[in-house]
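Heads up, coords.txt below (compact mmCIF, C-alpha atoms and all ligand atoms):
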# COMPACT_ATOMS: atom_id res chain seq x y z
CA MET D 33 0.00 0.00 0.00
CA SER D 34 1.11 3.52 -0.68
CA VAL D 35 -0.44 6.98 -0.70
CA GLU D 36 0.09 8.63 -4.08
CA ALA D 37 -1.15 11.68 -5.97
CA ILE D 38 -3.36 10.73 -8.93
CA PRO D 39 -5.55 12.91 -11.21
CA ASP D 40 -8.92 13.94 -9.75
CA PRO D 41 -11.75 11.81 -11.20
CA VAL D 42 -14.13 13.41 -13.72
CA PRO D 43 -17.80 12.27 -13.79
CA GLY D 44 -19.01 10.59 -16.98
CA PRO D 45 -22.69 10.29 -18.00
CA GLY D 46 -24.82 9.15 -15.06
CA GLU D 47 -21.96 9.64 -12.62
CA VAL D 48 -21.05 12.07 -9.86
CA VAL D 49 -17.79 12.85 -8.09
CA VAL D 50 -18.04 13.05 -4.32
CA LYS D 51 -15.60 14.91 -2.07
CA VAL D 52 -15.02 12.27 0.63
CA ALA D 53 -15.61 13.44 4.21
CA ALA D 54 -15.04 10.11 5.97
CA CYS D 55 -14.47 6.47 5.04
CA GLY D 56 -14.24 3.45 7.32
CA ILE D 57 -11.52 0.79 7.37
CA CYS D 58 -13.19 -2.63 7.28
CA ALA D 59 -11.87 -6.08 8.24
CA SER D 60 -12.74 -7.25 4.73
CA ASP D 61 -10.22 -4.72 3.35
CA LEU D 62 -7.52 -6.56 5.29
CA HIS D 63 -8.24 -9.89 3.56
CA PHE D 64 -7.52 -8.31 0.17
CA ILE D 65 -4.51 -6.27 1.35
CA HIS D 66 -2.92 -9.36 2.93
CA GLY D 67 -3.70 -11.57 -0.08
CA GLU D 68 -6.06 -13.91 1.83
CA MET D 69 -8.79 -13.25 -0.74
CA PRO D 70 -8.17 -12.66 -4.45
CA LEU D 71 -8.69 -9.03 -5.51
CA PRO D 72 -10.94 -9.12 -8.60
CA ALA D 73 -9.62 -5.82 -10.05
CA PRO D 74 -6.19 -5.07 -11.48
CA THR D 75 -3.89 -3.03 -9.24
CA PRO D 76 -3.15 -0.26 -8.51
CA LEU D 77 -6.59 0.13 -6.95
CA THR D 78 -7.89 2.68 -4.44
CA MET D 79 -9.65 0.79 -1.64
CA GLY D 80 -12.33 2.00 0.81
CA HIS D 81 -16.01 1.02 0.57
CA GLU D 82 -17.63 2.83 3.50
CA PRO D 83 -17.78 6.53 2.61
CA SER D 84 -19.77 9.69 3.06
CA GLY D 85 -19.17 13.10 1.56
CA THR D 86 -20.48 16.02 -0.45
CA ILE D 87 -21.23 16.00 -4.17
CA ALA D 88 -18.43 17.97 -5.88
CA ALA D 89 -19.33 17.49 -9.56
CA VAL D 90 -22.36 16.12 -11.43
CA GLY D 91 -21.97 14.47 -14.85
CA PRO D 92 -24.48 14.54 -17.74
CA ASP D 93 -27.81 12.67 -17.40
CA VAL D 94 -27.88 12.65 -13.58
CA PRO D 95 -31.37 13.23 -12.13
CA VAL D 96 -32.13 15.33 -9.04
CA TRP D 97 -28.68 15.37 -7.41
CA ARG D 98 -26.86 18.71 -7.12
CA GLU D 99 -23.39 19.86 -6.19
CA GLY D 100 -23.16 20.29 -2.40
CA ASP D 101 -25.66 17.53 -1.48
CA PRO D 102 -24.46 15.48 1.55
CA VAL D 103 -24.47 11.75 0.76
CA SER D 104 -23.68 8.25 1.98
CA LEU D 105 -22.42 5.96 -0.76
CA HIS D 106 -23.77 2.47 -1.27
CA ALA D 107 -20.71 0.42 -2.21
CA GLY D 108 -22.13 -1.11 -5.36
CA LYS D 109 -22.42 -0.82 -9.11
CA VAL D 110 -24.61 -2.96 -11.33
CA CYS D 111 -23.34 -4.59 -14.54
CA MET D 112 -26.12 -3.40 -16.92
CA ALA D 113 -25.34 -6.50 -19.00
CA CYS D 114 -27.06 -9.45 -17.27
CA ALA D 115 -30.65 -10.60 -17.81
CA ARG D 116 -31.79 -9.09 -14.51
CA CYS D 117 -30.31 -5.67 -15.26
CA ALA D 118 -31.92 -5.87 -18.71
CA ALA D 119 -35.26 -6.51 -16.97
CA GLY D 120 -34.73 -3.44 -14.76
CA ARG D 121 -34.17 -5.57 -11.62
CA LEU D 122 -31.00 -3.65 -10.77
CA GLU D 123 -30.91 -4.62 -7.07
CA GLU D 124 -30.82 -8.27 -8.15
CA CYS D 125 -27.94 -7.86 -10.67
CA ARG D 126 -26.07 -11.13 -11.15
CA ASN D 127 -22.65 -9.49 -11.40
CA PRO D 128 -22.66 -6.60 -8.91
CA GLN D 129 -19.37 -4.78 -8.43
CA VAL D 130 -18.16 -3.54 -5.07
CA MET D 131 -16.52 -0.16 -4.50
CA GLY D 132 -12.87 -0.41 -3.48
CA ILE D 133 -12.69 -4.03 -4.65
CA HIS D 134 -13.87 -3.99 -8.30
CA TYR D 135 -13.43 -0.24 -8.91
CA ASP D 136 -11.69 2.69 -7.21
CA GLY D 137 -12.96 3.40 -3.70
CA ALA D 138 -12.88 6.21 -1.19
CA TRP D 139 -9.60 6.18 0.70
CA ALA D 140 -9.11 9.26 -1.44
CA GLU D 141 -10.06 12.93 -1.52
CA PHE D 142 -12.55 12.29 -4.35
CA VAL D 143 -14.45 9.22 -5.55
CA ARG D 144 -16.48 8.71 -8.75
CA VAL D 145 -19.75 6.79 -8.38
CA PRO D 146 -22.98 6.11 -10.30
CA TRP D 147 -25.80 8.49 -9.32
CA TYR D 148 -28.06 5.66 -8.12
CA SER D 149 -25.55 4.59 -5.46
CA MET D 150 -26.16 7.65 -3.26
CA ALA D 151 -28.39 8.11 -0.22
CA ARG D 152 -29.04 11.61 1.14
CA ILE D 153 -27.75 12.13 4.69
CA PRO D 154 -30.65 13.23 6.92
CA PRO D 155 -30.21 16.34 9.11
CA GLY D 156 -28.37 15.74 12.38
CA VAL D 157 -26.31 12.72 11.21
CA SER D 158 -22.54 13.36 11.23
CA PHE D 159 -20.37 12.49 8.22
CA GLU D 160 -18.51 9.86 10.30
CA HIS D 161 -21.76 8.12 11.23
CA ALA D 162 -23.08 8.50 7.67
CA ALA D 163 -19.89 6.78 6.45
CA ILE D 164 -20.02 3.75 8.75
CA ALA D 165 -23.77 3.49 8.10
CA CYS D 166 -22.63 1.91 4.81
CA ASP D 167 -21.46 -1.64 5.52
CA ALA D 168 -20.54 -1.48 9.25
CA VAL D 169 -24.20 -0.87 10.20
CA SER D 170 -26.17 -1.66 7.01
CA THR D 171 -24.61 -5.11 6.50
CA PRO D 172 -25.56 -6.46 9.96
CA TYR D 173 -28.93 -4.70 9.58
CA ALA D 174 -29.57 -6.58 6.30
CA ALA D 175 -28.15 -9.82 7.75
CA LEU D 176 -30.39 -9.81 10.83
CA ILE D 177 -33.57 -8.16 9.57
CA ASP D 178 -33.81 -9.55 6.03
CA ARG D 179 -31.58 -12.62 5.66
CA GLY D 180 -32.00 -13.78 9.26
CA THR D 181 -35.66 -12.58 9.53
CA VAL D 182 -35.26 -11.82 13.25
CA ARG D 183 -38.61 -11.46 15.03
CA PRO D 184 -39.50 -9.77 18.31
CA GLY D 185 -39.01 -12.15 21.23
CA GLU D 186 -36.41 -14.33 19.51
CA ARG D 187 -33.09 -15.33 21.06
CA VAL D 188 -30.06 -14.16 19.07
CA GLY D 189 -26.32 -14.87 19.24
CA ILE D 190 -23.55 -12.85 17.58
CA TRP D 191 -20.06 -14.35 17.13
CA GLY D 192 -17.29 -11.73 16.64
CA ILE D 193 -17.82 -8.32 18.24
CA GLY D 194 -15.84 -6.00 15.98
CA GLY D 195 -17.25 -3.38 13.61
CA LEU D 196 -20.15 -5.38 12.20
CA GLY D 197 -20.72 -7.54 15.31
CA THR D 198 -21.07 -4.61 17.73
CA HIS D 199 -23.77 -3.10 15.54
CA ALA D 200 -25.39 -6.54 15.12
CA VAL D 201 -25.88 -6.66 18.93
CA GLN D 202 -27.52 -3.21 18.82
CA ILE D 203 -29.74 -4.18 15.87
CA ALA D 204 -30.84 -7.42 17.59
CA ARG D 205 -31.88 -5.37 20.64
CA MET D 206 -33.61 -2.77 18.48
CA ALA D 207 -35.50 -5.53 16.60
CA GLY D 208 -36.93 -6.79 19.89
CA ALA D 209 -34.81 -9.88 20.61
CA SER D 210 -35.69 -11.24 24.06
CA PHE D 211 -32.13 -12.46 24.62
CA VAL D 212 -28.83 -11.45 22.99
CA VAL D 213 -25.55 -13.28 23.57
CA ALA D 214 -22.19 -12.03 22.23
CA VAL D 215 -19.16 -14.30 21.75
CA ASP D 216 -15.64 -12.88 21.40
CA PRO D 217 -12.18 -13.88 22.74
CA ILE D 218 -11.26 -10.26 23.64
CA GLU D 219 -12.51 -9.04 27.04
CA ALA D 220 -12.80 -5.40 25.83
CA ALA D 221 -15.09 -6.57 23.02
CA ARG D 222 -17.25 -8.58 25.45
CA GLU D 223 -17.45 -5.53 27.71
CA ARG D 224 -18.52 -3.36 24.79
CA ALA D 225 -21.16 -5.95 23.79
CA ARG D 226 -22.63 -5.78 27.31
CA ALA D 227 -22.54 -1.96 27.19
CA VAL D 228 -24.55 -1.87 23.93
CA GLY D 229 -27.17 -4.37 25.09
CA ALA D 230 -25.94 -7.99 25.16
CA ASP D 231 -27.50 -9.96 28.04
CA LEU D 232 -24.56 -12.35 28.11
CA ALA D 233 -21.01 -12.17 26.73
CA LEU D 234 -18.89 -15.32 26.41
CA ASP D 235 -15.33 -16.29 25.53
CA PRO D 236 -15.39 -18.87 22.67
CA SER D 237 -12.99 -21.10 24.64
CA GLU D 238 -15.79 -21.67 27.21
CA ASP D 239 -18.60 -24.21 26.78
CA VAL D 240 -20.63 -21.69 24.75
CA PRO D 241 -23.57 -23.99 23.82
CA GLY D 242 -23.84 -25.08 27.48
CA ALA D 243 -23.78 -21.50 28.79
CA ILE D 244 -26.43 -20.47 26.25
CA ARG D 245 -28.70 -23.40 27.21
CA ASP D 246 -28.28 -22.48 30.91
CA ALA D 247 -29.21 -18.86 30.18
CA THR D 248 -32.23 -19.76 27.98
CA HIS D 249 -33.83 -22.47 30.15
CA GLY D 250 -32.47 -25.19 27.88
CA ARG D 251 -33.92 -23.80 24.69
CA GLY D 252 -30.99 -22.27 22.78
CA LEU D 253 -30.97 -19.61 20.04
CA ASP D 254 -33.38 -18.94 17.17
CA LEU D 255 -30.77 -17.01 15.19
CA ALA D 256 -26.96 -17.08 15.23
CA VAL D 257 -24.79 -14.67 13.23
CA ASP D 258 -21.18 -15.49 12.34
CA ALA D 259 -19.44 -12.13 11.90
CA ILE D 260 -16.03 -13.79 11.44
CA GLY D 261 -16.31 -16.50 8.76
CA ARG D 262 -14.95 -19.62 10.49
CA SER D 263 -16.08 -23.26 10.54
CA ALA D 264 -15.38 -23.42 14.29
CA VAL D 265 -17.86 -20.57 14.82
CA VAL D 266 -20.53 -22.24 12.69
CA ARG D 267 -20.14 -25.53 14.61
CA GLN D 268 -20.35 -23.73 17.96
CA ALA D 269 -23.38 -21.78 16.74
CA MET D 270 -25.03 -24.94 15.42
CA PHE D 271 -24.87 -26.62 18.82
CA SER D 272 -26.28 -23.43 20.42
CA LEU D 273 -29.46 -23.39 18.30
CA GLU D 274 -33.04 -24.26 19.10
CA ARG D 275 -34.71 -26.71 16.69
CA GLY D 276 -35.43 -24.90 13.40
CA GLY D 277 -32.76 -22.28 14.11
CA ARG D 278 -30.94 -20.20 11.50
CA ILE D 279 -27.27 -19.34 11.09
CA VAL D 280 -26.35 -16.32 8.95
CA LEU D 281 -22.82 -16.24 7.53
CA MET D 282 -21.94 -12.53 7.61
CA GLY D 283 -18.14 -12.75 7.95
CA GLN D 284 -16.13 -13.51 4.81
CA SER D 285 -13.18 -15.86 4.43
CA MET D 286 -11.75 -18.47 2.05
CA GLU D 287 -12.05 -21.20 4.72
CA SER D 288 -14.00 -24.32 3.68
CA LEU D 289 -17.16 -24.77 5.70
CA ASP D 290 -17.33 -27.84 7.93
CA ALA D 291 -20.54 -27.49 9.91
CA GLY D 292 -20.44 -30.99 11.42
CA PRO D 293 -22.64 -34.02 10.72
CA ILE D 294 -25.30 -33.41 8.06
CA LEU D 295 -27.67 -35.63 10.09
CA PHE D 296 -27.67 -33.05 12.92
CA LEU D 297 -28.57 -30.27 10.49
CA SER D 298 -31.34 -32.37 8.96
CA PHE D 299 -32.68 -33.64 12.27
CA LEU D 300 -32.76 -30.16 13.82
CA GLY D 301 -34.00 -28.43 10.65
CA THR D 302 -31.15 -25.94 10.79
CA SER D 303 -30.78 -23.32 8.04
CA ILE D 304 -27.32 -22.02 7.09
CA LEU D 305 -27.68 -18.79 5.10
CA GLY D 306 -24.93 -17.03 3.19
CA HIS D 307 -25.03 -13.25 3.25
CA LEU D 308 -23.19 -10.32 1.67
CA GLY D 309 -23.76 -6.59 1.93
CA TYR D 310 -26.95 -4.52 1.95
CA SER D 311 -29.31 -2.68 -0.37
CA LYS D 312 -29.96 1.04 -0.82
CA ALA D 313 -33.21 0.61 1.12
CA HIS D 314 -31.26 -0.83 4.07
CA LEU D 315 -28.84 2.11 3.98
CA GLU D 316 -31.68 4.66 3.92
CA GLN D 317 -33.44 2.93 6.82
CA VAL D 318 -30.22 2.83 8.84
CA LEU D 319 -29.61 6.56 8.22
CA ASP D 320 -33.16 7.32 9.44
CA LEU D 321 -32.65 5.14 12.54
CA ILE D 322 -29.47 7.06 13.35
CA ALA D 323 -31.19 10.42 12.72
CA THR D 324 -34.07 9.61 15.08
CA GLY D 325 -31.76 8.27 17.77
CA ARG D 326 -33.10 4.69 17.61
CA LEU D 327 -29.58 3.55 16.74
CA ASP D 328 -26.90 5.09 18.96
CA LEU D 329 -23.49 5.13 17.27
CA SER D 330 -21.79 7.19 19.99
CA ARG D 331 -19.36 4.30 20.73
CA SER D 332 -18.71 3.40 17.10
CA ILE D 333 -15.91 5.74 15.99
CA SER D 334 -12.79 4.28 17.64
CA ASP D 335 -10.34 6.74 16.04
CA ARG D 336 -10.07 9.19 13.14
CA LEU D 337 -7.03 9.33 10.86
CA PRO D 338 -5.91 11.63 8.05
CA LEU D 339 -5.50 9.95 4.64
CA GLU D 340 -1.69 9.96 5.00
CA ARG D 341 -2.08 7.56 7.96
CA VAL D 342 -4.44 5.03 6.34
CA GLN D 343 -1.65 2.41 6.37
CA GLU D 344 -1.32 2.89 10.14
CA GLY D 345 -5.06 2.26 10.46
CA VAL D 346 -4.76 -0.95 8.44
CA GLU D 347 -1.86 -2.11 10.65
CA ARG D 348 -3.77 -1.32 13.85
CA LEU D 349 -6.79 -3.27 12.65
CA THR D 350 -4.56 -6.19 11.57
CA SER D 351 -2.66 -6.41 14.90
CA LYS D 352 -5.94 -6.85 16.87
CA GLU D 353 -4.09 -5.39 19.89
CA GLU D 354 -6.88 -2.89 20.45
CA SER D 355 -10.56 -3.74 20.20
CA THR D 356 -12.01 -1.24 17.73
CA VAL D 357 -15.47 -0.76 16.27
CA ARG D 358 -14.41 1.50 13.40
CA LEU D 359 -11.30 3.46 12.49
CA VAL D 360 -12.26 6.14 9.96
CA VAL D 361 -10.12 7.99 7.45
CA LEU D 362 -10.81 11.73 6.97
CA PRO D 363 -9.27 12.49 3.53
CA ASN D 364 -10.19 16.18 3.47
CA GLY D 365 -9.46 17.10 7.10
CA GLU D 366 -12.02 17.70 9.83
CA PRO D 367 -15.46 17.16 8.25
CA PRO D 368 -18.03 19.93 8.59
CA ALA D 369 -20.84 19.56 11.13
CA PRO D 370 -24.08 18.13 9.71
CA GLY D 371 -26.17 20.67 7.85
CA SER D 372 -23.46 23.35 7.79
ZN ZN P 401 -16.66 -4.01 4.62
ZN ZN P 402 -26.44 -6.99 -13.94
Produce structure tokens that represent the structure in this file.
Ligand SMILES: [Zn+2]
Ligand SMILES: [Zn+2]
Amino acid sequence: MSVEAIPDPVPGPGEVVVKVAACGICASDLHFIHGEMPLPAPTPLTMGHEPSGTIAAVGPDVPVWREGDPVSLHAGKVCMACARCAAGRLEECRNPQVMGIHYDGAWAEFVRVPWYSMARIPPGVSFEHAAIACDAVSTPYAALIDRGTVRPGERVGIWGIGGLGTHAVQIARMAGASFVVAVDPIEAARERARAVGADLALDPSEDVPGAIRDATHGRGLDLAVDAIGRSAVVRQAMFSLERGGRIVLMGQSMESLDAGPILFLSFLGTSILGHLGYSKAHLEQVLDLIATGRLDLSRSISDRLPLERVQEGVERLTSKEESTVRLVVLPNGEPPAPGS
């Protein structure tokens, strides 16, 4: 990784250029930087898929949006070539591209995006919170509410209490879960999980299924979310579930899944559900929930770094020595207050 000067992007038809106010550093960025997952785009590539900012330039054929509008950026582009795109089902595109992975992202002063990828930031939401609303909050929101179909009164477990997992605990509470358990090897992460609403926080080296059965009168969980992407987590989650329970795979890795004996899954009627990302509707709902105070992100910004120090942020997240929710990069200095 290096920080280099490149020409400012110019918007083409249907595109805008956004002056980036803030952009999160995500654990999934690390997998690509460290070569654990294959990067689908040729390098050099500008990473960063969790940005907010202000529209700096509007290209031809862009509806409604104007220079100066404050926006969160959904990290996706559609292919406009598959059968679903041709049918106008853009949200269901078969070959979606992800910002900062397939095309240049927002660890930069300016980023070029399609007009349909933007969501307006509601009054009162800071640029930092509007940035992490993309992915760090919207992905667990989509994973729990849509993919995991969490219902009021259900018992929910979250494995991995980092950026996405911390918000998953909050979303489970907000959705009306009657019991939320958080599992993480780091004490500071377990403490944070309790502070944001977990009823129980466990170290994965403990007898997690046993502790969950004790705490739920022998019943276990309706929904388990793996925010890490490990077979060991899925097996532990599987043995923590109530009959008919669901596991949502929210963490990404190249590890092969070994979820234990198929007979157990069949006998217990367990569903294992893959999940990636979030839709524009999720992002807009999350921004509204932040604006109305239903979702409190006051603990979510762990540190703020200028663009020159993005590498330091990546190293800090890699070392796992500190338990962070989100480190954010501020490429254009201190962002303005919302609405100013
Ligand atoms: Zn991410
Ligand atoms: Zn498509």
Close residues to ligand ZN 402 (chain P) using all atoms listed in the file, limit 9 Å, as an MDAnalysis selection string: chainID D and resid 109:118 121:128
Among the residues D:His81, D:His63, D:Arg222, D:His134, the one that comes closest to ligand ZN 401 (chain P) [using all atoms listed in the file]: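 Comparing D:His81, D:His63, D:Arg222, D:His134 against ligand ZN 401 (chain P), the winner is D:His81.
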Val169 (chain D) surroundings by all atoms listed in the file, 12 Å radius, close-in-sequence under 4 positions cut, as a VMD selection string: chain D and resid 56 58 82 106 161 to 165 173 to 177 194 to 204 309 to 311 314 to 319 321 to 322 327 to 329 332 357 to 358
Writing out the chosen residues with C-alpha atoms as a PDB file, in the frame of the given file:
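The resulting part.pdb:
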ATOM      1  CA  GLY D  56     -14.240   3.450   7.320  1.00  0.00           C
ATOM      2  CA  CYS D  58     -13.190  -2.630   7.280  1.00  0.00           C
ATOM      3  CA  GLU D  82     -17.630   2.830   3.500  1.00  0.00           C
ATOM      4  CA  HIS D 106     -23.770   2.470  -1.270  1.00  0.00           C
ATOM      5  CA  HIS D 161     -21.760   8.120  11.230  1.00  0.00           C
ATOM      6  CA  ALA D 162     -23.080   8.500   7.670  1.00  0.00           C
ATOM      7  CA  ALA D 163     -19.890   6.780   6.450  1.00  0.00           C
ATOM      8  CA  ILE D 164     -20.020   3.750   8.750  1.00  0.00           C
ATOM      9  CA  ALA D 165     -23.770   3.490   8.100  1.00  0.00           C
ATOM     10  CA  TYR D 173     -28.930  -4.700   9.580  1.00  0.00           C
ATOM     11  CA  ALA D 174     -29.570  -6.580   6.300  1.00  0.00           C
ATOM     12  CA  ALA D 175     -28.150  -9.820   7.750  1.00  0.00           C
ATOM     13  CA  LEU D 176     -30.390  -9.810  10.830  1.00  0.00           C
ATOM     14  CA  ILE D 177     -33.570  -8.160   9.570  1.00  0.00           C
ATOM     15  CA  GLY D 194     -15.840  -6.000  15.980  1.00  0.00           C
ATOM     16  CA  GLY D 195     -17.250  -3.380  13.610  1.00  0.00           C
ATOM     17  CA  LEU D 196     -20.150  -5.380  12.200  1.00  0.00           C
ATOM     18  CA  GLY D 197     -20.720  -7.540  15.310  1.00  0.00           C
ATOM     19  CA  THR D 198     -21.070  -4.610  17.730  1.00  0.00           C
ATOM     20  CA  HIS D 199     -23.770  -3.100  15.540  1.00  0.00           C
ATOM     21  CA  ALA D 200     -25.390  -6.540  15.120  1.00  0.00           C
ATOM     22  CA  VAL D 201     -25.880  -6.660  18.930  1.00  0.00           C
ATOM     23  CA  GLN D 202     -27.520  -3.210  18.820  1.00  0.00           C
ATOM     24  CA  ILE D 203     -29.740  -4.180  15.870  1.00  0.00           C
ATOM     25  CA  ALA D 204     -30.840  -7.420  17.590  1.00  0.00           C
ATOM     26  CA  GLY D 309     -23.760  -6.590   1.930  1.00  0.00           C
ATOM     27  CA  TYR D 310     -26.950  -4.520   1.950  1.00  0.00           C
ATOM     28  CA  SER D 311     -29.310  -2.680  -0.370  1.00  0.00           C
ATOM     29  CA  HIS D 314     -31.260  -0.830   4.070  1.00  0.00           C
ATOM     30  CA  LEU D 315     -28.840   2.110   3.980  1.00  0.00           C
ATOM     31  CA  GLU D 316     -31.680   4.660   3.920  1.00  0.00           C
ATOM     32  CA  GLN D 317     -33.440   2.930   6.820  1.00  0.00           C
ATOM     33  CA  VAL D 318     -30.220   2.830   8.840  1.00  0.00           C
ATOM     34  CA  LEU D 319     -29.610   6.560   8.220  1.00  0.00           C
ATOM     35  CA  LEU D 321     -32.650   5.140  12.540  1.00  0.00           C
ATOM     36  CA  ILE D 322     -29.470   7.060  13.350  1.00  0.00           C
ATOM     37  CA  LEU D 327     -29.580   3.550  16.740  1.00  0.00           C
ATOM     38  CA  ASP D 328     -26.900   5.090  18.960  1.00  0.00           C
ATOM     39  CA  LEU D 329     -23.490   5.130  17.270  1.00  0.00           C
ATOM     40  CA  SER D 332     -18.710   3.400  17.100  1.00  0.00           C
ATOM     41  CA  VAL D 357     -15.470  -0.760  16.270  1.00  0.00           C
ATOM     42  CA  ARG D 358     -14.410   1.500  13.400  1.00  0.00           C
TER      43      ARG D 358
END
Expected residue set, 6 Å radius at (-15.5, 15.9, 1.3), all atoms listed in the file, as a ChimeraX atom specification: /D:51-53,85-86,364
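From CA of Gln129 (chain D) back to CA of Val96 (chain D), the distance works out to 23.8 Å.
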Minimum-distance residue to Ser60 (chain D), chosen among D:Asp40, D:Glu99, D:Glu353, D:Asp167 (using all atoms listed in the file): D:Asp167
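Across D:Leu273, D:Met33, D:Ala233, D:Ala88, the tightest approach to Gly250 (chain D) is made by D:Leu273 when counting all atoms listed in the file.
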Shortest interatomic distance to ligand ZN 401 (chain P) - which of D:Leu305, D:Val266, D:Ile218, D:Ile57, counting only C-alpha atoms and all ligand atoms: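 Looking only at the distances to ligand ZN 401 (chain P), the closest residue turns out to be D:Ile57.
The interatomic distance for the pair CA of Ile153 (chain D) and CA of Leu105 (chain D) works out to 9.8 Å.
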Polymer residues at most 8 Å from Ser263 (chain D), all atoms listed in the file, same-chain spacing of 5 or more positions, as a VMD selection string: chain D and resid 287 to 291
Residue among D:Gly306, D:Gly277, D:Gly229, D:Gly292 lying closest to Glu186 (chain D), counting all atoms listed in the file: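 Smallest separation from Glu186 (chain D) among the options: D:Gly277.
For the residues D:Asp335, D:Val49, D:Arg144, D:Ser170, ranking by smallest atom-to-atom distance to Gly100 (chain D) using only C-alpha atoms places D:Val49 first.
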CA of Val215 (chain D) to CA of Gly345 (chain D), straight-line distance in Å: 24.5 Å
When you look at Ala73 (chain D) with a cut-off of 12 Å (counting all atoms listed in the file), what residues show up, excluding the ones that are within fewer than 6 positions of it in the same chain? I need them as an mmCIF file with C-alpha atoms, in the coordinates of the input.
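Okay, this is what ended up in out-v5.cif:
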data_model
loop_
_atom_site.group_PDB
_atom_site.id
_atom_site.type_symbol
_atom_site.label_atom_id
_atom_site.label_comp_id
_atom_site.auth_asym_id
_atom_site.auth_seq_id
_atom_site.Cartn_x
_atom_site.Cartn_y
_atom_site.Cartn_z
ATOM 1 C CA PHE D 64 -7.520 -8.310 0.170
ATOM 2 C CA MET D 79 -9.650 0.790 -1.640
ATOM 3 C CA GLN D 129 -19.370 -4.780 -8.430
ATOM 4 C CA VAL D 130 -18.160 -3.540 -5.070
ATOM 5 C CA MET D 131 -16.520 -0.160 -4.500
ATOM 6 C CA GLY D 132 -12.870 -0.410 -3.480
ATOM 7 C CA ILE D 133 -12.690 -4.030 -4.650
ATOM 8 C CA HIS D 134 -13.870 -3.990 -8.300
ATOM 9 C CA TYR D 135 -13.430 -0.240 -8.910
ATOM 10 C CA ASP D 136 -11.690 2.690 -7.210
ATOM 11 C CA GLY D 137 -12.960 3.400 -3.700
#
Around (-38.7, -11.4, 17.5) in the file's frame, which residues reach within 9 Å when counting only C-alpha atoms? Return as an mmCIF file with C-alpha atoms, keeping the file's coordinate frame?
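Output file part_37.cif follows:
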data_model
loop_
_atom_site.group_PDB
_atom_site.id
_atom_site.type_symbol
_atom_site.label_atom_id
_atom_site.label_comp_id
_atom_site.auth_asym_id
_atom_site.auth_seq_id
_atom_site.Cartn_x
_atom_site.Cartn_y
_atom_site.Cartn_z
ATOM 1 C CA THR D 181 -35.660 -12.580 9.530
ATOM 2 C CA VAL D 182 -35.260 -11.820 13.250
ATOM 3 C CA ARG D 183 -38.610 -11.460 15.030
ATOM 4 C CA PRO D 184 -39.500 -9.770 18.310
ATOM 5 C CA GLY D 185 -39.010 -12.150 21.230
ATOM 6 C CA GLU D 186 -36.410 -14.330 19.510
ATOM 7 C CA ARG D 187 -33.090 -15.330 21.060
ATOM 8 C CA ALA D 204 -30.840 -7.420 17.590
ATOM 9 C CA ALA D 207 -35.500 -5.530 16.600
ATOM 10 C CA GLY D 208 -36.930 -6.790 19.890
ATOM 11 C CA ALA D 209 -34.810 -9.880 20.610
ATOM 12 C CA SER D 210 -35.690 -11.240 24.060
#
12 Å contact set for Glu344 (chain D), all atoms listed in the file, chain neighbours under 2 positions out, as a ChimeraX atom specification: /D:33-35,57,335-342,346-351,359-361
How about saving the chosen residues, C-alpha atoms kept, as a PDB file, in the coordinates of the input?
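Final output, result02.pdb:
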ATOM      1  CA  MET D  33       0.000   0.000   0.000  1.00  0.00           C
ATOM      2  CA  SER D  34       1.110   3.520  -0.680  1.00  0.00           C
ATOM      3  CA  VAL D  35      -0.440   6.980  -0.700  1.00  0.00           C
ATOM      4  CA  ILE D  57     -11.520   0.790   7.370  1.00  0.00           C
ATOM      5  CA  ASP D 335     -10.340   6.740  16.040  1.00  0.00           C
ATOM      6  CA  ARG D 336     -10.070   9.190  13.140  1.00  0.00           C
ATOM      7  CA  LEU D 337      -7.030   9.330  10.860  1.00  0.00           C
ATOM      8  CA  PRO D 338      -5.910  11.630   8.050  1.00  0.00           C
ATOM      9  CA  LEU D 339      -5.500   9.950   4.640  1.00  0.00           C
ATOM     10  CA  GLU D 340      -1.690   9.960   5.000  1.00  0.00           C
ATOM     11  CA  ARG D 341      -2.080   7.560   7.960  1.00  0.00           C
ATOM     12  CA  VAL D 342      -4.440   5.030   6.340  1.00  0.00           C
ATOM     13  CA  VAL D 346      -4.760  -0.950   8.440  1.00  0.00           C
ATOM     14  CA  GLU D 347      -1.860  -2.110  10.650  1.00  0.00           C
ATOM     15  CA  ARG D 348      -3.770  -1.320  13.850  1.00  0.00           C
ATOM     16  CA  LEU D 349      -6.790  -3.270  12.650  1.00  0.00           C
ATOM     17  CA  THR D 350      -4.560  -6.190  11.570  1.00  0.00           C
ATOM     18  CA  SER D 351      -2.660  -6.410  14.900  1.00  0.00           C
ATOM     19  CA  LEU D 359     -11.300   3.460  12.490  1.00  0.00           C
ATOM     20  CA  VAL D 360     -12.260   6.140   9.960  1.00  0.00           C
ATOM     21  CA  VAL D 361     -10.120   7.990   7.450  1.00  0.00           C
TER      22      VAL D 361
END
Residue contacts of Ala269 (chain D) (9 Å, only C-alpha atoms) excluding same-chain residues fewer than 2 positions away, as a CSV table (one decimal) with C-alpha atoms, in the frame of the given file:
chain,number,residue,atom,x,y,z
D,189,GLY,CA,-26.3,-14.9,19.2
D,190,ILE,CA,-23.6,-12.8,17.6
D,191,TRP,CA,-20.1,-14.4,17.1
D,240,VAL,CA,-20.6,-21.7,24.8
D,241,PRO,CA,-23.6,-24.0,23.8
D,253,LEU,CA,-31.0,-19.6,20.0
D,255,LEU,CA,-30.8,-17.0,15.2
D,256,ALA,CA,-27.0,-17.1,15.2
D,257,VAL,CA,-24.8,-14.7,13.2
D,258,ASP,CA,-21.2,-15.5,12.3
D,264,ALA,CA,-15.4,-23.4,14.3
D,265,VAL,CA,-17.9,-20.6,14.8
D,266,VAL,CA,-20.5,-22.2,12.7
D,267,ARG,CA,-20.1,-25.5,14.6
D,271,PHE,CA,-24.9,-26.6,18.8
D,272,SER,CA,-26.3,-23.4,20.4
D,273,LEU,CA,-29.5,-23.4,18.3
D,279,ILE,CA,-27.3,-19.3,11.1
